[in-house]
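Engineer: work.pdb is the file, holding PDB, C-alpha atoms:
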ATOM      1  CA  MET A   1      36.837 -15.486  -4.985
ATOM      2  CA  GLU A   2      37.066 -17.564  -1.806
ATOM      3  CA  SER A   3      40.861 -17.295  -1.835
ATOM      4  CA  ILE A   4      40.762 -13.475  -1.758
ATOM      5  CA  PHE A   5      41.223 -12.005   1.712
ATOM      6  CA  HIS A   6      38.517  -9.414   2.348
ATOM      7  CA  GLU A   7      38.037  -7.752   5.722
ATOM      8  CA  LYS A   8      34.556  -6.268   6.145
ATOM      9  CA  GLN A   9      33.846  -3.038   7.954
ATOM     10  CA  GLU A  10      33.883  -3.005  11.764
ATOM     11  CA  GLY A  11      33.249   0.323  13.453
ATOM     12  CA  SER A  12      35.508   2.983  11.910
ATOM     13  CA  LEU A  13      38.518   0.704  11.387
ATOM     14  CA  CYS A  14      38.590   1.219   7.615
ATOM     15  CA  ALA A  15      42.324   2.089   7.664
ATOM     16  CA  GLN A  16      43.071  -1.305   9.213
ATOM     17  CA  HIS A  17      40.779  -3.045   6.698
ATOM     18  CA  CYS A  18      42.399  -1.118   3.843
ATOM     19  CA  LEU A  19      45.919  -2.202   4.838
ATOM     20  CA  ASN A  20      45.014  -5.835   5.496
ATOM     21  CA  ASN A  21      43.044  -6.134   2.247
ATOM     22  CA  LEU A  22      46.006  -4.620   0.398
ATOM     23  CA  LEU A  23      48.502  -7.029   1.984
ATOM     24  CA  GLN A  24      45.988  -9.928   1.870
ATOM     25  CA  GLY A  25      46.196 -10.976   5.491
ATOM     26  CA  GLU A  26      45.730  -9.892   9.105
ATOM     27  CA  TYR A  27      48.929  -7.871   9.203
ATOM     28  CA  PHE A  28      47.770  -4.914  11.296
ATOM     29  CA  SER A  29      45.532  -4.544  14.338
ATOM     30  CA  PRO A  30      44.110  -1.372  15.937
ATOM     31  CA  VAL A  31      46.722  -1.664  18.701
ATOM     32  CA  GLU A  32      49.629  -1.682  16.226
ATOM     33  CA  LEU A  33      48.220   1.229  14.245
ATOM     34  CA  SER A  34      47.631   3.160  17.473
ATOM     35  CA  SER A  35      51.262   2.601  18.400
ATOM     36  CA  ILE A  36      52.364   4.077  15.071
ATOM     37  CA  ALA A  37      50.012   7.032  15.605
ATOM     38  CA  HIS A  38      51.399   7.734  19.090
ATOM     39  CA  GLN A  39      54.937   7.539  17.745
ATOM     40  CA  LEU A  40      54.072  10.094  15.059
ATOM     41  CA  ASP A  41      52.439  12.346  17.658
ATOM     42  CA  GLU A  42      55.584  12.256  19.786
ATOM     43  CA  GLU A  43      57.853  13.041  16.839
ATOM     44  CA  GLU A  44      55.632  15.963  15.847
ATOM     45  CA  ARG A  45      55.525  17.209  19.485
ATOM     46  CA  MET A  46      59.314  17.237  19.706
ATOM     47  CA  ARG A  47      59.601  19.214  16.468
ATOM     48  CA  MET A  48      57.013  21.738  17.652
ATOM     49  CA  ALA A  49      58.793  22.072  21.006
ATOM     50  CA  GLU A  50      61.888  23.360  19.217
ATOM     51  CA  GLY A  51      60.050  26.639  18.746
ATOM     52  CA  GLY A  52      59.327  26.856  22.471
ATOM     53  CA  VAL A  53      56.803  25.072  24.635
ATOM     54  CA  THR A  54      55.057  28.357  25.395
ATOM     55  CA  SER A  55      54.405  29.181  21.741
ATOM     56  CA  GLU A  56      50.873  29.310  20.359
ATOM     57  CA  ASP A  57      51.697  26.628  17.788
ATOM     58  CA  TYR A  58      52.873  24.230  20.480
ATOM     59  CA  ARG A  59      49.801  24.799  22.665
ATOM     60  CA  THR A  60      47.606  24.202  19.611
ATOM     61  CA  PHE A  61      49.474  20.992  18.846
ATOM     62  CA  LEU A  62      48.741  19.644  22.331
ATOM     63  CA  GLN A  63      45.081  19.289  21.310
ATOM     64  CA  PRO A  64      43.782  15.741  20.562
ATOM     65  CA  SER A  65      45.883  13.747  18.088
ATOM     66  CA  GLY A  66      45.454  14.392  14.385
ATOM     67  CA  ASN A  67      46.767  10.907  13.556
ATOM     68  CA  MET A  68      43.988   8.923  15.229
ATOM     69  CA  ASP A  69      40.804   9.254  17.248
ATOM     70  CA  ASP A  70      38.698   7.110  19.555
ATOM     71  CA  SER A  71      36.438   5.929  16.705
ATOM     72  CA  GLY A  72      39.290   4.041  15.019
ATOM     73  CA  PHE A  73      40.220   6.574  12.356
ATOM     74  CA  PHE A  74      43.892   6.741  11.325
ATOM     75  CA  SER A  75      45.560   9.382   9.170
ATOM     76  CA  ILE A  76      47.388   8.970   5.866
ATOM     77  CA  GLN A  77      50.653   9.408   7.826
ATOM     78  CA  VAL A  78      49.828   6.321   9.902
ATOM     79  CA  ILE A  79      49.006   4.299   6.781
ATOM     80  CA  SER A  80      52.142   5.491   5.016
ATOM     81  CA  ASN A  81      54.371   4.587   7.981
ATOM     82  CA  ALA A  82      52.695   1.191   8.311
ATOM     83  CA  LEU A  83      53.466   0.421   4.656
ATOM     84  CA  LYS A  84      57.102   1.477   5.033
ATOM     85  CA  VAL A  85      57.553  -1.600   7.219
ATOM     86  CA  TRP A  86      56.996  -3.619   4.027
ATOM     87  CA  GLY A  87      59.112  -1.366   1.832
ATOM     88  CA  LEU A  88      56.029   0.174   0.212
ATOM     89  CA  GLU A  89      55.551   3.832  -0.705
ATOM     90  CA  LEU A  90      52.483   5.947  -1.472
ATOM     91  CA  ILE A  91      52.418   8.452  -4.366
ATOM     92  CA  LEU A  92      49.490  10.763  -5.002
ATOM     93  CA  PHE A  93      47.838   9.576  -8.228
ATOM     94  CA  ASN A  94      46.826  13.003  -9.533
ATOM     95  CA  SER A  95      50.033  14.786  -8.553
ATOM     96  CA  PRO A  96      51.833  16.564 -11.431
ATOM     97  CA  GLU A  97      54.945  14.445 -10.853
ATOM     98  CA  TYR A  98      53.046  11.175 -11.299
ATOM     99  CA  GLN A  99      50.863  12.395 -14.153
ATOM    100  CA  ARG A 100      53.954  13.378 -16.132
ATOM    101  CA  LEU A 101      54.985   9.713 -16.082
ATOM    102  CA  ARG A 102      51.828   8.885 -18.104
ATOM    103  CA  ILE A 103      51.555   5.403 -16.604
ATOM    104  CA  ASP A 104      48.484   3.403 -17.584
ATOM    105  CA  PRO A 105      46.657   2.429 -14.360
ATOM    106  CA  ILE A 106      46.440  -1.218 -15.436
ATOM    107  CA  ASN A 107      50.241  -1.380 -15.308
ATOM    108  CA  GLU A 108      50.229  -0.595 -11.583
ATOM    109  CA  ARG A 109      49.654  -3.161  -8.838
ATOM    110  CA  SER A 110      47.409  -1.392  -6.349
ATOM    111  CA  PHE A 111      45.779   1.842  -5.236
ATOM    112  CA  ILE A 112      44.596   3.206  -1.902
ATOM    113  CA  CYS A 113      41.556   5.481  -2.063
ATOM    114  CA  ASN A 114      40.428   7.953   0.582
ATOM    115  CA  TYR A 115      37.350  10.149   0.991
ATOM    116  CA  LYS A 116      36.995  12.046   4.252
ATOM    117  CA  GLU A 117      37.598   9.324   6.877
ATOM    118  CA  HIS A 118      37.108   6.230   4.725
ATOM    119  CA  TRP A 119      39.952   4.211   3.195
ATOM    120  CA  PHE A 120      39.817   1.255   0.822
ATOM    121  CA  THR A 121      42.075  -0.715  -1.508
ATOM    122  CA  VAL A 122      41.904  -1.470  -5.223
ATOM    123  CA  ARG A 123      44.370  -4.209  -6.055
ATOM    124  CA  LYS A 124      45.426  -6.461  -8.906
ATOM    125  CA  LEU A 125      45.404 -10.158  -8.016
ATOM    126  CA  GLY A 126      46.748 -12.445 -10.680
ATOM    127  CA  LYS A 127      45.667 -10.812 -13.934
ATOM    128  CA  GLN A 128      42.501  -9.143 -12.688
ATOM    129  CA  TRP A 129      41.612  -6.057 -10.676
ATOM    130  CA  PHE A 130      39.416  -6.082  -7.576
ATOM    131  CA  ASN A 131      37.731  -3.425  -5.486
ATOM    132  CA  LEU A 132      38.390  -4.555  -1.887
ATOM    133  CA  ASN A 133      36.287  -1.889  -0.200
ATOM    134  CA  SER A 134      35.453  -3.064   3.331
ATOM    135  CA  LEU A 135      31.950  -1.599   2.950
ATOM    136  CA  LEU A 136      31.146  -4.218   0.312
ATOM    137  CA  THR A 137      29.868  -7.693   1.102
ATOM    138  CA  GLY A 138      32.727  -9.167  -0.945
ATOM    139  CA  PRO A 139      35.431  -8.352  -3.533
ATOM    140  CA  GLU A 140      34.173  -6.582  -6.664
ATOM    141  CA  LEU A 141      35.733  -7.561  -9.998
ATOM    142  CA  ILE A 142      36.890  -4.594 -12.123
ATOM    143  CA  SER A 143      37.750  -5.122 -15.776
ATOM    144  CA  ASP A 144      40.914  -3.621 -17.257
ATOM    145  CA  THR A 145      38.848  -1.397 -19.552
ATOM    146  CA  TYR A 146      36.767  -0.100 -16.638
ATOM    147  CA  LEU A 147      39.660   0.533 -14.202
ATOM    148  CA  ALA A 148      40.639   3.975 -15.552
ATOM    149  CA  LEU A 149      36.994   5.049 -15.653
ATOM    150  CA  PHE A 150      36.469   3.770 -12.109
ATOM    151  CA  LEU A 151      39.418   5.784 -10.780
ATOM    152  CA  ALA A 152      38.296   8.886 -12.688
ATOM    153  CA  GLN A 153      34.818   8.538 -11.211
ATOM    154  CA  LEU A 154      36.269   8.326  -7.701
ATOM    155  CA  GLN A 155      38.258  11.511  -8.312
ATOM    156  CA  GLN A 156      35.118  13.318  -9.469
ATOM    157  CA  GLU A 157      33.409  12.229  -6.249
ATOM    158  CA  GLY A 158      36.197  13.852  -4.222
ATOM    159  CA  TYR A 159      38.405  10.833  -3.470
ATOM    160  CA  SER A 160      42.153  11.133  -3.060
ATOM    161  CA  ILE A 161      43.915   8.239  -4.779
ATOM    162  CA  PHE A 162      47.393   6.975  -3.914
ATOM    163  CA  VAL A 163      49.495   4.603  -6.009
ATOM    164  CA  VAL A 164      51.224   1.904  -3.957
ATOM    165  CA  LYS A 165      54.792   1.463  -5.142
ATOM    166  CA  GLY A 166      56.974  -1.509  -4.199
ATOM    167  CA  ASP A 167      56.696  -5.282  -4.036
ATOM    168  CA  LEU A 168      53.660  -6.549  -2.184
ATOM    169  CA  PRO A 169      54.065  -9.716  -0.063
ATOM    170  CA  ASP A 170      53.162 -12.998  -1.742
ATOM    171  CA  CYS A 171      49.651 -14.251  -1.175
ATOM    172  CA  GLU A 172      47.612 -17.302  -2.089
ATOM    173  CA  ALA A 173      44.998 -15.370  -4.088
ATOM    174  CA  ASP A 174      47.620 -13.773  -6.345
ATOM    175  CA  GLN A 175      49.271 -17.128  -7.062
ATOM    176  CA  LEU A 176      45.947 -18.836  -7.779
ATOM    177  CA  LEU A 177      44.600 -16.062 -10.001
ATOM    178  CA  GLN A 178      47.798 -16.100 -12.046
ATOM    179  CA  MET A 179      46.587 -19.475 -13.370
ATOM    180  CA  ILE A 180      42.851 -18.907 -13.654
ATOM    181  CA  ARG A 181      40.463 -16.039 -14.307
ATOM    182  CA  VAL A 182      37.319 -15.541 -12.315
ATOM    183  CA  GLN A 183      33.899 -14.364 -13.440
ATOM    184  CA  GLN A 184      31.415 -12.472 -11.316
ATOM    185  CA  MET A 185      27.736 -12.872 -12.143
ATOM    186  CA  HIS A 186      26.441 -10.469  -9.498
ATOM    187  CA  ARG A 187      28.175  -7.411  -8.092
ATOM    188  CA  PRO A 188      28.465  -7.334  -4.296
ATOM    189  CA  LYS A 189      26.176  -4.970  -2.424
ATOM    190  CA  LEU A 190      27.072  -2.435   0.213
ATOM    191  CA  ILE A 191      26.788  -3.981   3.656
ATOM    192  CA  GLY A 192      24.068  -1.513   4.658
ATOM    193  CA  GLU A 193      22.088  -2.255   1.503
ATOM    194  CA  GLU A 194      22.208  -5.998   2.139
ATOM    195  CA  LEU A 195      20.998  -5.567   5.731
ATOM    196  CA  ALA A 196      18.227  -3.245   4.580
ATOM    197  CA  GLN A 197      17.202  -5.699   1.871
ATOM    198  CA  LEU A 198      17.135  -8.598   4.340
ATOM    199  CA  LYS A 199      15.075  -6.508   6.754
ATOM    200  CA  GLU A 200      12.649  -5.562   3.986
ATOM    201  CA  GLN A 201      12.325  -9.204   2.951
ATOM    202  CA  ARG A 202      11.568 -10.178   6.560
ATOM    203  CA  VAL A 203       8.923  -7.433   6.808
ATOM    204  CA  GLN A 204       7.339  -8.494   3.519
ATOM    205  CA  LYS A 205       7.331 -12.118   4.639
ATOM    206  CA  THR A 206       5.692 -11.174   7.941
ATOM    207  CA  ASP A 207       3.066  -9.068   6.156
ATOM    208  CA  LEU A 208       2.379 -11.933   3.754
ATOM    209  CA  GLU A 209       2.024 -14.433   6.587
ATOM    210  CA  GLN A 210      -0.346 -12.090   8.418
ATOM    211  CA  ALA A 211      -2.382 -11.592   5.249
ATOM    212  CA  VAL A 212      -2.631 -15.360   4.745
ATOM    213  CA  GLU A 213      -3.709 -15.838   8.369
ATOM    214  CA  ILE A 214      -6.345 -13.094   8.028
ATOM    215  CA  ASN A 215      -7.646 -14.574   4.790
ATOM    216  CA  ASP A 216      -7.814 -18.036   6.319
ATOM    217  CA  GLY A 217      -9.654 -16.662   9.347
ATOM    218  CA  SER A 218     -12.123 -14.686   7.246
ATOM    219  CA  GLY A 219     -12.768 -17.742   5.122
ATOM    220  CA  VAL A 220     -13.828 -19.701   8.215
ATOM    221  CA  LEU A 221     -16.019 -16.845   9.346
ATOM    222  CA  ASP A 222     -17.638 -16.676   5.898
ATOM    223  CA  GLU A 223     -18.457 -20.389   5.949
ATOM    224  CA  ASP A 224     -19.904 -20.164   9.454
ATOM    225  CA  GLU A 225     -21.921 -17.129   8.495
ATOM    226  CA  GLU A 226     -23.284 -18.865   5.404
ATOM    227  CA  ASP A 227     -24.346 -21.857   7.515
ATOM    228  CA  LEU A 228     -26.043 -19.521   9.983
ATOM    229  CA  GLN A 229     -27.847 -17.673   7.184
ATOM    230  CA  ARG A 230     -29.084 -20.954   5.715
ATOM    231  CA  ALA A 231     -30.311 -22.107   9.141
ATOM    232  CA  LEU A 232     -32.118 -18.828   9.692
ATOM    233  CA  ALA A 233     -33.691 -19.000   6.245
ATOM    234  CA  LEU A 234     -34.930 -22.543   6.874
ATOM    235  CA  SER A 235     -36.281 -21.473  10.255
ATOM    236  CA  ARG A 236     -38.122 -18.521   8.742
ATOM    237  CA  GLN A 237     -39.498 -20.767   5.984
ATOM    238  CA  GLN A 238     -40.750 -23.266   8.577
ATOM    239  CA  ILE A 239     -42.405 -20.469  10.567
ATOM    240  CA  ASP A 240     -44.026 -19.097   7.414
ATOM    241  CA  MET A 241     -45.382 -22.566   6.566
ATOM    242  CA  GLU A 242     -46.781 -22.977  10.068
ATOM    243  CA  ASP A 243     -48.372 -19.514   9.926
ATOM    244  CA  GLU A 244     -49.891 -20.325   6.532
ATOM    245  CA  GLU A 245     -51.214 -23.618   7.896
ATOM    246  CA  ALA A 246     -52.838 -21.843  10.844
ATOM    247  CA  ASP A 247     -54.390 -19.221   8.577
ATOM    248  CA  LEU A 248     -55.864 -21.925   6.345
ATOM    249  CA  ARG A 249     -57.302 -23.744   9.339
ATOM    250  CA  ARG A 250     -59.047 -20.580  10.546
ATOM    251  CA  ALA A 251     -60.326 -19.728   7.057
ATOM    252  CA  ILE A 252     -61.837 -23.170   6.559
ATOM    253  CA  GLN A 253     -63.465 -23.167   9.950
ATOM    254  CA  LEU A 254     -65.000 -19.729   9.336
ATOM    255  CA  SER A 255     -66.239 -20.868   5.912
ATOM    256  CA  MET A 256     -67.832 -23.959   7.383
ATOM    257  CA  GLN A 257     -69.518 -21.967  10.111
ATOM    258  CA  GLY A 258     -70.910 -19.474   7.605
ATOM    259  CA  SER A 259     -72.108 -22.284   5.302
ATOM    260  CA  SER A 260     -73.905 -24.012   8.157
ATOM    261  CA  ARG A 261     -75.760 -20.799   9.131
ATOM    262  CA  ASN A 262     -76.862 -20.145   5.529
ATOM    263  CA  THR A 263     -78.077 -23.719   4.936
ATOM    264  CA  SER A 264     -80.526 -24.010   7.817
ATOM    265  CA  GLN A 265     -81.322 -21.794  10.664
ATOM    266  CA  ASP A 266     -83.566 -24.548  12.226
ATOM    267  CA  ILE A 267     -80.924 -27.169  12.602
ATOM    268  CA  PRO A 268     -79.596 -27.081  16.104
ATOM    269  CA  GLN A 269     -75.871 -26.577  16.277
ATOM    270  CA  THR A 270     -73.782 -29.357  17.673
ATOM    271  CA  SER A 271     -70.505 -28.976  19.391
ATOM    272  CA  SER A 272     -67.531 -28.931  17.038
ATOM    273  CA  THR A 273     -65.390 -31.974  16.766
ATOM    274  CA  GLN A 274     -61.653 -32.151  16.224
ATOM    275  CA  LEU A 275     -60.869 -32.547  12.502
ATOM    276  CA  THR A 276     -58.380 -35.121  11.402
ATOM    277  CA  SER A 277     -55.453 -34.169   9.197
ATOM    278  CA  GLU A 278     -57.005 -35.972   6.220
ATOM    279  CA  GLU A 279     -60.326 -34.165   6.622
ATOM    280  CA  LEU A 280     -58.544 -30.869   6.981
ATOM    281  CA  ARG A 281     -56.572 -31.500   3.774
ATOM    282  CA  LYS A 282     -59.745 -32.395   1.803
ATOM    283  CA  ARG A 283     -61.615 -29.342   3.031
ATOM    284  CA  ARG A 284     -58.685 -27.105   2.225
ATOM    285  CA  GLU A 285     -58.625 -28.458  -1.310
ATOM    286  CA  ALA A 286     -62.351 -27.922  -1.615
ATOM    287  CA  TYR A 287     -61.945 -24.358  -0.339
ATOM    288  CA  PHE A 288     -59.392 -23.496  -2.994
ATOM    289  CA  GLU A 289     -61.461 -25.142  -5.782
ATOM    290  CA  LYS A 290     -64.388 -22.714  -5.205
TER     291      LYS A 290
END
Could you show the structure in this file as structure tokens?

Structural biologist:
Amino acid sequence: MESIFHEKQEGSLCAQHCLNNLLQGEYFSPVELSSIAHQLDEEERMRMAEGGVTSEDYRTFLQPSGNMDDSGFFSIQVISNALKVWGLELILFNSPEYQRLRIDPINERSFICNYKEHWFTVRKLGKQWFNLNSLLTGPELISDTYLALFLAQLQQEGYSIFVVKGDLPDCEADQLLQMIRVQQMHRPKLIGEELAQLKEQRVQKTDLEQAVEINDGSGVLDEDEEDLQRALALSRQQIDMEDEEADLRRAIQLSMQGSSRNTSQDIPQTSSTQLTSEELRKRREAYFEK
């Protein structure tokens, strides 16, 4: 496939791409095709002037050229005249004259296809057929059995198909493919589809990266939050224990004061002393054993 010359679409220069892909080389430029278009315009102007330069037909003809425009479009007349330089001729594929010949498409050498303002080439290189549409990312292999169906499908879609008659210039791809046959595992995509797919892949990758970053960030926040919750729980537990300890101290002291009053009213009260931790523990145990 690498040996096959395949010009990809640039602007609206599909006529140039069609011719160069047919001839397998950079044979024509926009400047050369524009020159042919201007020459055709001048020839047509001179013929129209024969009927008088004041005629309605002549004034209508003086409108912008029908053989080219600023976008890079070129007419079938420009393409036909460009091929005459190489001794090549175009014949309409579905014309009655050609159909009466009953020629199998696989016995031809090449076709030029046109729909509205788009042109592309289907050509035989070596022993295999290739769709050299400039809108594709690369040459598309067409089997002999599929060629007739492919051309019929194009006609149903509104394409005009022209058979290229004459000897095409020699090219490296044709010589190489005479000796070997190629296989194509994956059909080429349309250039727009490939760009859209690459863009979608970039968007998906960005979304995935953002999702991973968010997940990583939330994971850190979750761990920090769990640590904070554990710290708060331990703090609350410590406070509860201290509150319980204080309550027990007050309960024991009140119990002791009540016990002292019930035991003897005659015994003079002495000032309270500070209890040690051991005494407090023993009295608390005694309190709960009652």

Engineer: Taking (49.9, 3.9, -4.7) in the file's coordinates, which residues come within 6 Å, counting all atoms listed in the file, written as a ChimeraX atom specification?

Structural biologist: /A:90-91,111,162-165

Engineer: Compare A:Ala37, A:Leu22, A:Ala152, A:Ile142 by their minimum atom-to-atom distance to Leu88 of chain A, counting only C-alpha atoms, and give me the closest one.

Structural biologist: A:Leu22

Engineer: Between A:Lys116, A:Arg202, A:Arg47, A:Lys127, which is the closest to Phe73 of chain A once you count all atoms listed in the file?

Structural biologist: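 Answer, going by the shortest atom-to-atom distance: A:Lys116.
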
Engineer: Take atom CA of Gln24 of chain A and atom CA of Ile4 of chain A and report the distance between them in Å, one decimal.

Structural biologist: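 About the pair atom CA of Gln24 of chain A and atom CA of Ile4 of chain A: they are 7.3 Å apart.
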
Engineer: Looking at A:Arg123, A:Tyr115, A:Glu140, A:Asn131, which one is nearest to Leu154 of chain A, with distances taken over only C-alpha atoms?

Structural biologist: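 Checking each of A:Arg123, A:Tyr115, A:Glu140, A:Asn131 against Leu154 of chain A, counting only C-alpha atoms, the winner is A:Tyr115.
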
Engineer: May I have the residues within 9 Å of segment 38-43 of chain A as JSON, numbers by chain, using all atoms listed in the file and disregarding those fewer than 2 positions away in the same chain?

Structural biologist: {"A": [33, 34, 35, 36, 45, 46, 47, 48, 65, 66, 67, 68, 77, 78, 81]}

Engineer: Grab the atom CA of Ser71 of chain A to atom CA of Pro169 of chain A distance for me, in Å with one decimal place.

Structural biologist: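 Pair atom CA of Ser71 of chain A / atom CA of Pro169 of chain A returns 28.9 Å.
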